[in-house]
$ cat data-v1.pdb   # PDB, C-alpha atoms
ATOM      1  CA  MET A 101     -33.001   4.833  61.307
ATOM      2  CA  SER A 102     -29.273   5.143  60.555
ATOM      3  CA  LEU A 103     -27.496   8.221  59.359
ATOM      4  CA  ASP A 104     -24.921   8.082  56.551
ATOM      5  CA  THR A 105     -21.835   9.681  57.985
ATOM      6  CA  ARG A 106     -19.647   9.140  54.924
ATOM      7  CA  ALA A 107     -18.089  12.239  53.375
ATOM      8  CA  PRO A 108     -19.499  13.265  50.047
ATOM      9  CA  GLU A 109     -17.528  12.076  47.068
ATOM     10  CA  THR A 110     -15.334  14.639  45.422
ATOM     11  CA  THR A 111     -14.332  14.795  41.790
ATOM     12  CA  ALA A 112     -11.044  13.131  42.589
ATOM     13  CA  SER A 113     -12.741  10.309  44.533
ATOM     14  CA  ARG A 114     -15.113   9.644  41.642
ATOM     15  CA  ALA A 115     -12.203   8.957  39.309
ATOM     16  CA  PRO A 116     -12.242   5.380  38.006
ATOM     17  CA  ARG A 117     -10.102   3.111  40.137
ATOM     18  CA  SER A 118      -9.113   1.048  37.131
ATOM     19  CA  ALA A 119      -7.442   3.988  35.430
ATOM     20  CA  ARG A 120      -4.042   2.927  34.220
ATOM     21  CA  PRO A 121      -0.944   5.058  34.784
ATOM     22  CA  ALA A 122       0.493   6.923  31.850
ATOM     23  CA  ARG A 123       2.576   4.792  29.543
ATOM     24  CA  ARG A 124       6.271   5.364  29.702
ATOM     25  CA  PRO A 125       8.158   6.277  26.542
ATOM     26  CA  ALA A 126       9.448   3.427  24.412
ATOM     27  CA  VAL A 127      13.041   4.359  25.238
ATOM     28  CA  GLU A 128      12.412   3.785  28.953
ATOM     29  CA  ARG A 129      10.510   0.550  28.388
ATOM     30  CA  ARG A 130      13.057  -0.840  25.931
ATOM     31  CA  PRO A 131      16.468   0.591  26.769
ATOM     32  CA  VAL A 132      18.325  -1.655  24.313
ATOM     33  CA  LEU A 133      16.217  -0.503  21.361
ATOM     34  CA  GLY A 134      16.595   3.077  22.541
ATOM     35  CA  ALA A 135      20.371   2.705  22.661
ATOM     36  CA  PHE A 136      20.421   1.296  19.120
ATOM     37  CA  ALA A 137      18.201   4.166  17.956
ATOM     38  CA  VAL A 138      20.572   6.738  19.443
ATOM     39  CA  LEU A 139      23.531   4.921  17.882
ATOM     40  CA  GLY A 140      21.800   4.982  14.502
ATOM     41  CA  TYR A 141      21.226   8.736  14.747
ATOM     42  CA  ILE A 142      24.878   9.245  15.641
ATOM     43  CA  VAL A 143      26.046   7.172  12.670
ATOM     44  CA  MET A 144      23.844   9.190  10.310
ATOM     45  CA  ILE A 145      24.433  12.688  11.673
ATOM     46  CA  VAL A 146      28.139  12.721  12.627
ATOM     47  CA  PRO A 147      29.468  12.245   9.038
ATOM     48  CA  ILE A 148      27.243  15.127   7.917
ATOM     49  CA  LEU A 149      28.750  17.332  10.623
ATOM     50  CA  PHE A 150      32.248  16.411   9.400
ATOM     51  CA  VAL A 151      31.347  17.481   5.855
ATOM     52  CA  VAL A 152      29.794  20.753   7.054
ATOM     53  CA  ALA A 153      32.852  21.560   9.157
ATOM     54  CA  ALA A 154      35.198  20.776   6.255
ATOM     55  CA  ALA A 155      33.182  23.107   4.003
ATOM     56  CA  PHE A 156      34.331  26.086   6.071
ATOM     57  CA  SER A 157      37.985  25.135   5.771
ATOM     58  CA  GLY A 158      40.455  27.821   4.790
ATOM     59  CA  GLY A 159      42.997  25.327   3.466
ATOM     60  CA  ASP A 160      43.438  23.925  -0.020
ATOM     61  CA  SER A 161      42.682  20.273   0.752
ATOM     62  CA  LEU A 162      39.685  18.486   2.207
ATOM     63  CA  LYS A 163      40.548  17.554   5.778
ATOM     64  CA  PHE A 164      39.019  17.379   9.250
ATOM     65  CA  PRO A 165      39.478  19.202  11.515
ATOM     66  CA  PRO A 166      40.201  22.222   9.286
ATOM     67  CA  ASP A 167      43.295  24.277   9.985
ATOM     68  CA  SER A 168      41.386  27.552   9.580
ATOM     69  CA  PHE A 169      37.886  28.718   8.753
ATOM     70  CA  SER A 170      36.826  30.654   5.678
ATOM     71  CA  LEU A 171      33.898  31.137   3.276
ATOM     72  CA  LYS A 172      36.036  31.159   0.150
ATOM     73  CA  TRP A 173      34.988  27.685  -0.965
ATOM     74  CA  PHE A 174      31.308  28.636  -0.858
ATOM     75  CA  VAL A 175      32.106  31.560  -3.163
ATOM     76  CA  ALA A 176      34.122  29.234  -5.385
ATOM     77  CA  ALA A 177      31.265  26.709  -5.563
ATOM     78  CA  ALA A 178      28.762  29.435  -6.495
ATOM     79  CA  ALA A 179      31.126  30.713  -9.197
ATOM     80  CA  TYR A 180      31.923  27.278 -10.659
ATOM     81  CA  LYS A 181      29.944  27.161 -13.906
ATOM     82  CA  PRO A 182      29.566  23.350 -14.224
ATOM     83  CA  PHE A 183      27.966  23.207 -10.766
ATOM     84  CA  MET A 184      25.544  26.051 -11.460
ATOM     85  CA  ALA A 185      24.583  24.763 -14.908
ATOM     86  CA  SER A 186      23.967  21.228 -13.657
ATOM     87  CA  LEU A 187      22.063  22.628 -10.653
ATOM     88  CA  LEU A 188      19.540  24.303 -12.949
ATOM     89  CA  GLN A 189      19.274  21.196 -15.113
ATOM     90  CA  SER A 190      18.767  18.910 -12.110
ATOM     91  CA  THR A 191      16.080  21.230 -10.726
ATOM     92  CA  GLU A 192      14.289  21.298 -14.075
ATOM     93  CA  LEU A 193      14.446  17.531 -14.450
ATOM     94  CA  ALA A 194      13.302  16.839 -10.878
ATOM     95  CA  ALA A 195      10.390  19.293 -11.114
ATOM     96  CA  LEU A 196       9.108  17.892 -14.427
ATOM     97  CA  ALA A 197       9.545  14.278 -13.332
ATOM     98  CA  THR A 198       7.719  14.953 -10.059
ATOM     99  CA  LEU A 199       4.855  16.674 -11.887
ATOM    100  CA  LEU A 200       4.480  13.836 -14.397
ATOM    101  CA  ALA A 201       4.644  11.235 -11.628
ATOM    102  CA  LEU A 202       1.829  12.992  -9.767
ATOM    103  CA  VAL A 203      -0.257  13.320 -12.932
ATOM    104  CA  LEU A 204       0.049   9.577 -13.512
ATOM    105  CA  GLY A 205       0.178   8.392  -9.908
ATOM    106  CA  VAL A 206      -2.731  10.268  -8.319
ATOM    107  CA  PRO A 207      -5.388   8.862 -10.720
ATOM    108  CA  ALA A 208      -3.849   5.412 -10.262
ATOM    109  CA  ALA A 209      -4.078   5.781  -6.471
ATOM    110  CA  LEU A 210      -7.720   6.878  -6.773
ATOM    111  CA  ALA A 211      -8.525   3.878  -8.942
ATOM    112  CA  LEU A 212      -6.791   1.481  -6.571
ATOM    113  CA  GLU A 213      -8.370   2.881  -3.399
ATOM    114  CA  ARG A 214     -11.854   3.847  -4.600
ATOM    115  CA  GLY A 215     -12.337   1.712  -7.685
ATOM    116  CA  ARG A 216     -13.406  -1.901  -8.015
ATOM    117  CA  LEU A 217     -10.607  -3.327 -10.077
ATOM    118  CA  ARG A 218      -9.992  -6.974 -10.765
ATOM    119  CA  GLY A 219      -6.520  -8.026  -9.809
ATOM    120  CA  LYS A 220      -5.982  -4.924  -7.695
ATOM    121  CA  ALA A 221      -2.969  -6.446  -5.951
ATOM    122  CA  TRP A 222      -1.338  -7.231  -9.317
ATOM    123  CA  VAL A 223      -1.920  -3.688 -10.595
ATOM    124  CA  GLN A 224      -0.557  -2.184  -7.375
ATOM    125  CA  GLY A 225       2.518  -4.402  -7.612
ATOM    126  CA  LEU A 226       3.022  -3.237 -11.195
ATOM    127  CA  PHE A 227       3.071   0.416 -10.114
ATOM    128  CA  LEU A 228       5.470  -0.345  -7.259
ATOM    129  CA  SER A 229       7.815  -2.479  -9.392
ATOM    130  CA  PRO A 230      10.303   0.361 -10.133
ATOM    131  CA  LEU A 231      11.282   0.204  -6.463
ATOM    132  CA  ILE A 232      12.232  -3.462  -6.824
ATOM    133  CA  VAL A 233      14.096  -3.435 -10.143
ATOM    134  CA  PRO A 234      17.686  -2.124  -9.775
ATOM    135  CA  GLU A 235      18.148   1.336 -11.228
ATOM    136  CA  LEU A 236      21.163   0.219 -13.250
ATOM    137  CA  VAL A 237      18.976  -2.353 -15.031
ATOM    138  CA  VAL A 238      16.288   0.268 -15.717
ATOM    139  CA  GLY A 239      18.882   2.734 -16.975
ATOM    140  CA  LEU A 240      20.508   0.183 -19.277
ATOM    141  CA  ALA A 241      17.131  -0.841 -20.710
ATOM    142  CA  LEU A 242      16.127   2.779 -21.329
ATOM    143  CA  TYR A 243      19.487   3.496 -22.951
ATOM    144  CA  GLN A 244      19.144   0.565 -25.335
ATOM    145  CA  GLN A 245      15.490   1.183 -26.241
ATOM    146  CA  LEU A 246      15.279   4.994 -26.258
ATOM    147  CA  ILE A 247      18.727   6.426 -26.950
ATOM    148  CA  ALA A 248      20.441   3.684 -28.984
ATOM    149  CA  ALA A 249      17.412   2.351 -30.888
ATOM    150  CA  LEU A 250      15.137   5.393 -31.262
ATOM    151  CA  GLY A 251      17.654   8.217 -31.017
ATOM    152  CA  VAL A 252      15.813   9.992 -28.195
ATOM    153  CA  SER A 253      17.670  12.833 -26.483
ATOM    154  CA  SER A 254      19.307  12.230 -23.136
ATOM    155  CA  PHE A 255      16.962  14.694 -21.416
ATOM    156  CA  ALA A 256      13.858  12.867 -22.701
ATOM    157  CA  ALA A 257      15.307   9.506 -21.642
ATOM    158  CA  LEU A 258      16.164  10.897 -18.208
ATOM    159  CA  LEU A 259      12.659  12.333 -17.876
ATOM    160  CA  VAL A 260      11.088   8.963 -18.704
ATOM    161  CA  GLY A 261      13.393   7.126 -16.312
ATOM    162  CA  HIS A 262      12.974   9.547 -13.413
ATOM    163  CA  THR A 263       9.206   9.641 -13.882
ATOM    164  CA  ALA A 264       9.032   5.850 -13.768
ATOM    165  CA  LEU A 265      11.211   5.909 -10.655
ATOM    166  CA  LEU A 266       8.921   8.425  -8.894
ATOM    167  CA  ILE A 267       5.536   6.890  -9.774
ATOM    168  CA  PRO A 268       5.688   4.401  -6.846
ATOM    169  CA  TYR A 269       6.068   7.303  -4.398
ATOM    170  CA  ALA A 270       3.066   9.080  -5.882
ATOM    171  CA  VAL A 271       0.902   5.945  -5.831
ATOM    172  CA  ARG A 272       1.980   4.705  -2.398
ATOM    173  CA  VAL A 273       1.928   7.978  -0.488
ATOM    174  CA  THR A 274      -1.224   9.481  -2.010
ATOM    175  CA  GLY A 275      -2.918   6.090  -1.723
ATOM    176  CA  ALA A 276      -2.065   5.929   1.988
ATOM    177  CA  SER A 277      -3.417   9.447   2.469
ATOM    178  CA  LEU A 278      -6.624   8.495   0.655
ATOM    179  CA  ALA A 279      -6.975   5.286   2.674
ATOM    180  CA  LEU A 280      -6.922   7.301   5.904
ATOM    181  CA  ALA A 281      -9.700   9.592   4.648
ATOM    182  CA  ASP A 282     -13.363   8.861   5.359
ATOM    183  CA  PRO A 283     -15.067   7.720   2.111
ATOM    184  CA  PHE A 284     -18.487   8.696   3.495
ATOM    185  CA  VAL A 285     -17.525  12.364   3.095
ATOM    186  CA  GLU A 286     -17.377  11.905  -0.673
ATOM    187  CA  GLU A 287     -20.613   9.913  -0.632
ATOM    188  CA  ALA A 288     -22.279  12.708   1.344
ATOM    189  CA  ALA A 289     -21.163  15.257  -1.245
ATOM    190  CA  ARG A 290     -22.558  13.122  -4.053
ATOM    191  CA  GLY A 291     -25.775  12.670  -2.086
ATOM    192  CA  LEU A 292     -26.149  16.453  -1.876
ATOM    193  CA  GLY A 293     -26.071  16.690  -5.660
ATOM    194  CA  ALA A 294     -22.414  17.440  -6.379
ATOM    195  CA  GLY A 295     -21.083  16.109  -9.663
ATOM    196  CA  PRO A 296     -17.922  13.989 -10.029
ATOM    197  CA  LEU A 297     -15.723  16.985 -10.868
ATOM    198  CA  LYS A 298     -17.117  19.028  -7.961
ATOM    199  CA  VAL A 299     -16.608  16.143  -5.542
ATOM    200  CA  PHE A 300     -13.009  15.718  -6.688
ATOM    201  CA  THR A 301     -12.048  19.403  -6.501
ATOM    202  CA  SER A 302     -13.968  20.244  -3.314
ATOM    203  CA  VAL A 303     -13.677  17.053  -1.251
ATOM    204  CA  THR A 304     -11.210  14.488  -2.609
ATOM    205  CA  LEU A 305      -8.397  16.873  -3.552
ATOM    206  CA  PRO A 306      -8.255  18.559  -0.107
ATOM    207  CA  LEU A 307      -8.149  15.105   1.473
ATOM    208  CA  LEU A 308      -5.256  14.196  -0.802
ATOM    209  CA  ARG A 309      -3.279  17.375  -0.150
ATOM    210  CA  PRO A 310      -1.005  15.926   2.605
ATOM    211  CA  GLY A 311      -0.236  12.926   0.427
ATOM    212  CA  ILE A 312       0.417  15.065  -2.653
ATOM    213  CA  VAL A 313       2.772  17.342  -0.711
ATOM    214  CA  SER A 314       4.548  14.319   0.733
ATOM    215  CA  ALA A 315       4.897  12.626  -2.654
ATOM    216  CA  SER A 316       6.125  15.877  -4.196
ATOM    217  CA  LEU A 317       8.857  16.317  -1.589
ATOM    218  CA  LEU A 318       9.990  12.698  -1.713
ATOM    219  CA  GLY A 319       9.860  12.601  -5.501
ATOM    220  CA  PHE A 320      11.782  15.824  -6.005
ATOM    221  CA  VAL A 321      14.527  14.870  -3.536
ATOM    222  CA  THR A 322      14.793  11.352  -5.005
ATOM    223  CA  SER A 323      15.073  12.636  -8.558
ATOM    224  CA  PHE A 324      17.470  15.445  -7.662
ATOM    225  CA  ASN A 325      19.865  13.126  -5.797
ATOM    226  CA  ASN A 326      19.680  10.200  -8.221
ATOM    227  CA  VAL A 327      23.045   8.936  -9.483
ATOM    228  CA  PRO A 328      22.753   5.450 -11.100
ATOM    229  CA  LEU A 329      20.009   6.317 -13.591
ATOM    230  CA  SER A 330      21.454   9.732 -14.391
ATOM    231  CA  LEU A 331      24.952   8.325 -14.806
ATOM    232  CA  LEU A 332      23.795   5.947 -17.553
ATOM    233  CA  LEU A 333      21.418   8.266 -19.429
ATOM    234  CA  GLN A 334      22.904  11.760 -19.306
ATOM    235  CA  GLY A 335      24.814  13.129 -22.275
ATOM    236  CA  ARG A 336      27.270  15.889 -23.027
ATOM    237  CA  LYS A 337      24.617  18.596 -23.294
ATOM    238  CA  PHE A 338      22.709  17.628 -20.163
ATOM    239  CA  ALA A 339      24.314  16.700 -16.840
ATOM    240  CA  THR A 340      22.782  16.448 -13.379
ATOM    241  CA  LEU A 341      24.400  17.958 -10.311
ATOM    242  CA  PRO A 342      25.152  14.692  -8.404
ATOM    243  CA  VAL A 343      26.985  13.231 -11.402
ATOM    244  CA  THR A 344      28.856  16.500 -11.960
ATOM    245  CA  MET A 345      29.924  16.482  -8.310
ATOM    246  CA  LEU A 346      31.005  12.852  -8.643
ATOM    247  CA  ASP A 347      33.160  13.757 -11.654
ATOM    248  CA  TYR A 348      34.669  16.673  -9.722
ATOM    249  CA  VAL A 349      35.620  14.446  -6.777
ATOM    250  CA  GLN A 350      37.503  12.144  -9.152
ATOM    251  CA  GLN A 351      39.579  15.063 -10.407
ATOM    252  CA  SER A 352      40.019  17.347  -7.374
ATOM    253  CA  TYR A 353      40.163  16.942  -3.620
ATOM    254  CA  ASP A 354      39.485  20.416  -2.281
ATOM    255  CA  PRO A 355      36.756  21.625   0.123
ATOM    256  CA  MET A 356      34.608  23.036  -2.701
ATOM    257  CA  ILE A 357      32.748  19.726  -2.980
ATOM    258  CA  ALA A 358      31.972  19.887   0.759
ATOM    259  CA  SER A 359      30.749  23.471   0.368
ATOM    260  CA  MET A 360      28.398  22.482  -2.452
ATOM    261  CA  SER A 361      27.098  19.566  -0.386
ATOM    262  CA  THR A 362      26.494  21.931   2.546
ATOM    263  CA  LEU A 363      24.536  24.314   0.310
ATOM    264  CA  ILE A 364      22.324  21.438  -0.873
ATOM    265  CA  LEU A 365      21.834  20.334   2.727
ATOM    266  CA  ALA A 366      20.856  23.872   3.760
ATOM    267  CA  ALA A 367      18.349  24.084   0.893
ATOM    268  CA  THR A 368      16.838  20.742   1.931
ATOM    269  CA  VAL A 369      16.462  21.892   5.535
ATOM    270  CA  LEU A 370      14.832  25.121   4.321
ATOM    271  CA  VAL A 371      12.312  23.177   2.236
ATOM    272  CA  ALA A 372      11.555  20.954   5.236
ATOM    273  CA  MET A 373      10.966  24.009   7.429
ATOM    274  CA  LEU A 374       8.636  25.572   4.867
ATOM    275  CA  ALA A 375       6.744  22.287   4.584
ATOM    276  CA  GLU A 376       6.417  22.129   8.357
ATOM    277  CA  ARG A 377       5.020  25.666   8.426
ATOM    278  CA  ALA A 378       2.601  25.012   5.567
ATOM    279  CA  VAL A 379       1.243  21.531   6.323
ATOM    280  CA  GLY A 380       3.105  19.942   9.225
ATOM    281  CA  PHE A 381       5.351  16.904   9.267
ATOM    282  CA  ALA A 382       2.694  14.753  10.918
ATOM    283  CA  LYS A 383       0.352  15.339   7.994
ATOM    284  CA  ILE A 384       3.025  15.183   5.315
ATOM    285  CA  PHE A 385       4.832  12.013   6.342
ATOM    286  CA  GLY A 386       2.164  10.310   8.419
ATOM    287  CA  GLY A 387       0.725   8.431   5.478
ATOM    288  CA  ILE A 388       4.001   6.746   4.647
ATOM    289  CA  ASN A 389       4.156   4.694   7.825
ATOM    290  CA  ARG A 390       0.534   3.606   7.835
TER     291      ARG A 390
END

$ encode --input "data-v1.pdb" --output "structure tokens"
Amino acid sequence: MSLDTRAPETTASRAPRSARPARRPAVERRPVLGAFAVLGYIVMIVPILFVVAAAFSGGDSLKFPPDSFSLKWFVAAAAYKPFMASLLQSTELAALATLLALVLGVPAALALERGRLRGKAWVQGLFLSPLIVPELVVGLALYQQLIAALGVSSFAALLVGHTALLIPYAVRVTGASLALADPFVEEAARGLGAGPLKVFTSVTLPLLRPGIVSASLLGFVTSFNNVPLSLLLQGRKFATLPVTMLDYVQQSYDPMIASMSTLILAATVLVAMLAERAVGFAKIFGGINR
């Protein structure tokens, strides 16, 4: 009779021997790609820092580095009536266009993801086509058909054009969010006796919330910053802020344009921070890359 003199196994000794070490970050595994990524960030961020620094200039011309620092150009930008009027008009246009795009795009995304449509790929390509067609072509077509032929106001033509431009974001992003959701949750709700409206409001809509928030943010920013479409369709009574700023740059070369750009940048960062607090960037923008 032999005695087993081996020490009892501990928790550490029972760990699987085939356990792989933790994966290193992609930057360490691919230094060349990491270097290009850092270079790309530098190329994107450094010009923005130049503009922000020039916005605080105390001189009368736009230059970097500024000779002195002052807030006078921020006060001048806030007091400049064309900027403030076009800011309100751009906000109104972007909000309405985003709302209409969601009203049209969310049902389309539901039909494409949950419905049994014939030629689904063709229908999806039709909704995404505004991303392929150049905006100048779309703007020229809308000008000829709506403003020149039918006499539609410039605001109505801009609303139609911006809504068409934002529909692909609503369909793509909300569709990606819906594709990541488990369809059996909706089937379980229907199996428990919930009607179609109850299933949509209680189950489907909460699942779509990250995609709707994401599409709203992307749509609003895209519409607010649009230049080609707005440049062709706006009239004397309605002007968007980017086009007004472009006209100002052609006439003046003072730091007020940099101050206005810095204010828009600060507002964008604030919206991003509020979105991070409310939903989280992983939930908001995760559906875009999947």

$ closest_residue --input "data-v1.pdb" --among "A:Ser316, A:Ser186, A:Ser254, A:Thr304" --to "A:Val271" --atoms "only C-alpha atoms"
A:Ser316

$ resolve_selection --input "data-v1.pdb" --expression "the PyMOL selection byres ((chain A and resi 324-335) around 10)" --output "PyMOL selection string"
chain A and resi 187+189-195+197+234-240+242-244+246-247+253-259+261-262+265+318-323+336-344+346+364

$ atom_distance --input "data-v1.pdb" --atom1 "atom CA of A:Phe150" --atom2 "atom CA of A:Val371"
22.2 Å

$ closest_residue --input "data-v1.pdb" --among "A:Leu162, A:Ala241, A:Ala315, A:Leu171" --to "A:Val203" --atoms "all atoms listed in the file"
A:Ala315

$ residues_around --input "data-v1.pdb" --residues "A:Ser229" --least-positions-apart "6" --cutoff "10 Å" --atoms "all atoms listed in the file" --output "compact mmCIF listing (two decimals) with C-alpha atoms, keeping the file's coordinate frame"
# COMPACT_ATOMS: atom_id res chain seq x y z
CA VAL A 223 -1.92 -3.69 -10.60
CA ALA A 264 9.03 5.85 -13.77
CA LEU A 265 11.21 5.91 -10.66
CA ILE A 267 5.54 6.89 -9.77
CA PRO A 268 5.69 4.40 -6.85

$ resolve_selection --input "data-v1.pdb" --expression "the PyMOL selection byres ((chain A and resi 273) around 8)" --output "list in words"
Tyr269, Ala270, Val271, Arg272, Thr274, Gly275, Ala276, Ser277, Gly311, Ile312, Ser314, Ala315, Gly387 and Ile388 of chain A

$ write_last_selection --input "data-v1.pdb" --atoms "C-alpha atoms" --output "short mmCIF file (atom, residue, chain, number, x, y, z; two decimals), keeping the file's coordinate frame"
data_model
loop_
_atom_site.label_atom_id
_atom_site.label_comp_id
_atom_site.auth_asym_id
_atom_site.auth_seq_id
_atom_site.Cartn_x
_atom_site.Cartn_y
_atom_site.Cartn_z
CA TYR A 269 6.07 7.30 -4.40
CA ALA A 270 3.07 9.08 -5.88
CA VAL A 271 0.90 5.94 -5.83
CA ARG A 272 1.98 4.70 -2.40
CA THR A 274 -1.22 9.48 -2.01
CA GLY A 275 -2.92 6.09 -1.72
CA ALA A 276 -2.06 5.93 1.99
CA SER A 277 -3.42 9.45 2.47
CA GLY A 311 -0.24 12.93 0.43
CA ILE A 312 0.42 15.06 -2.65
CA SER A 314 4.55 14.32 0.73
CA ALA A 315 4.90 12.63 -2.65
CA GLY A 387 0.72 8.43 5.48
CA ILE A 388 4.00 6.75 4.65
#

$ residues_around --input "data-v1.pdb" --residues "A:Ser168" --least-positions-apart "6" --cutoff "7 Å" --atoms "all atoms listed in the file" --output "ChimeraX atom specification"
/A:157-159

$ atom_distance --input "data-v1.pdb" --atom1 "atom CA of A:Phe300" --atom2 "atom CA of A:Thr263"
24.1 Å

$ atom_distance --input "data-v1.pdb" --atom1 "atom CA of A:Ser359" --atom2 "atom CA of A:Leu188"
17.4 Å

$ resolve_selection --input "data-v1.pdb" --expression "the PyMOL selection byres ((chain A and resi 175) around 12)" --output "PyMOL selection string"
chain A and resi 155-156+170-174+176-181+184+355-357+359-360+363

$ closest_residue --input "data-v1.pdb" --among "A:Leu266, A:Leu374, A:Leu292, A:Leu196" --to "A:Pro230" --atoms "all atoms listed in the file"
A:Leu266
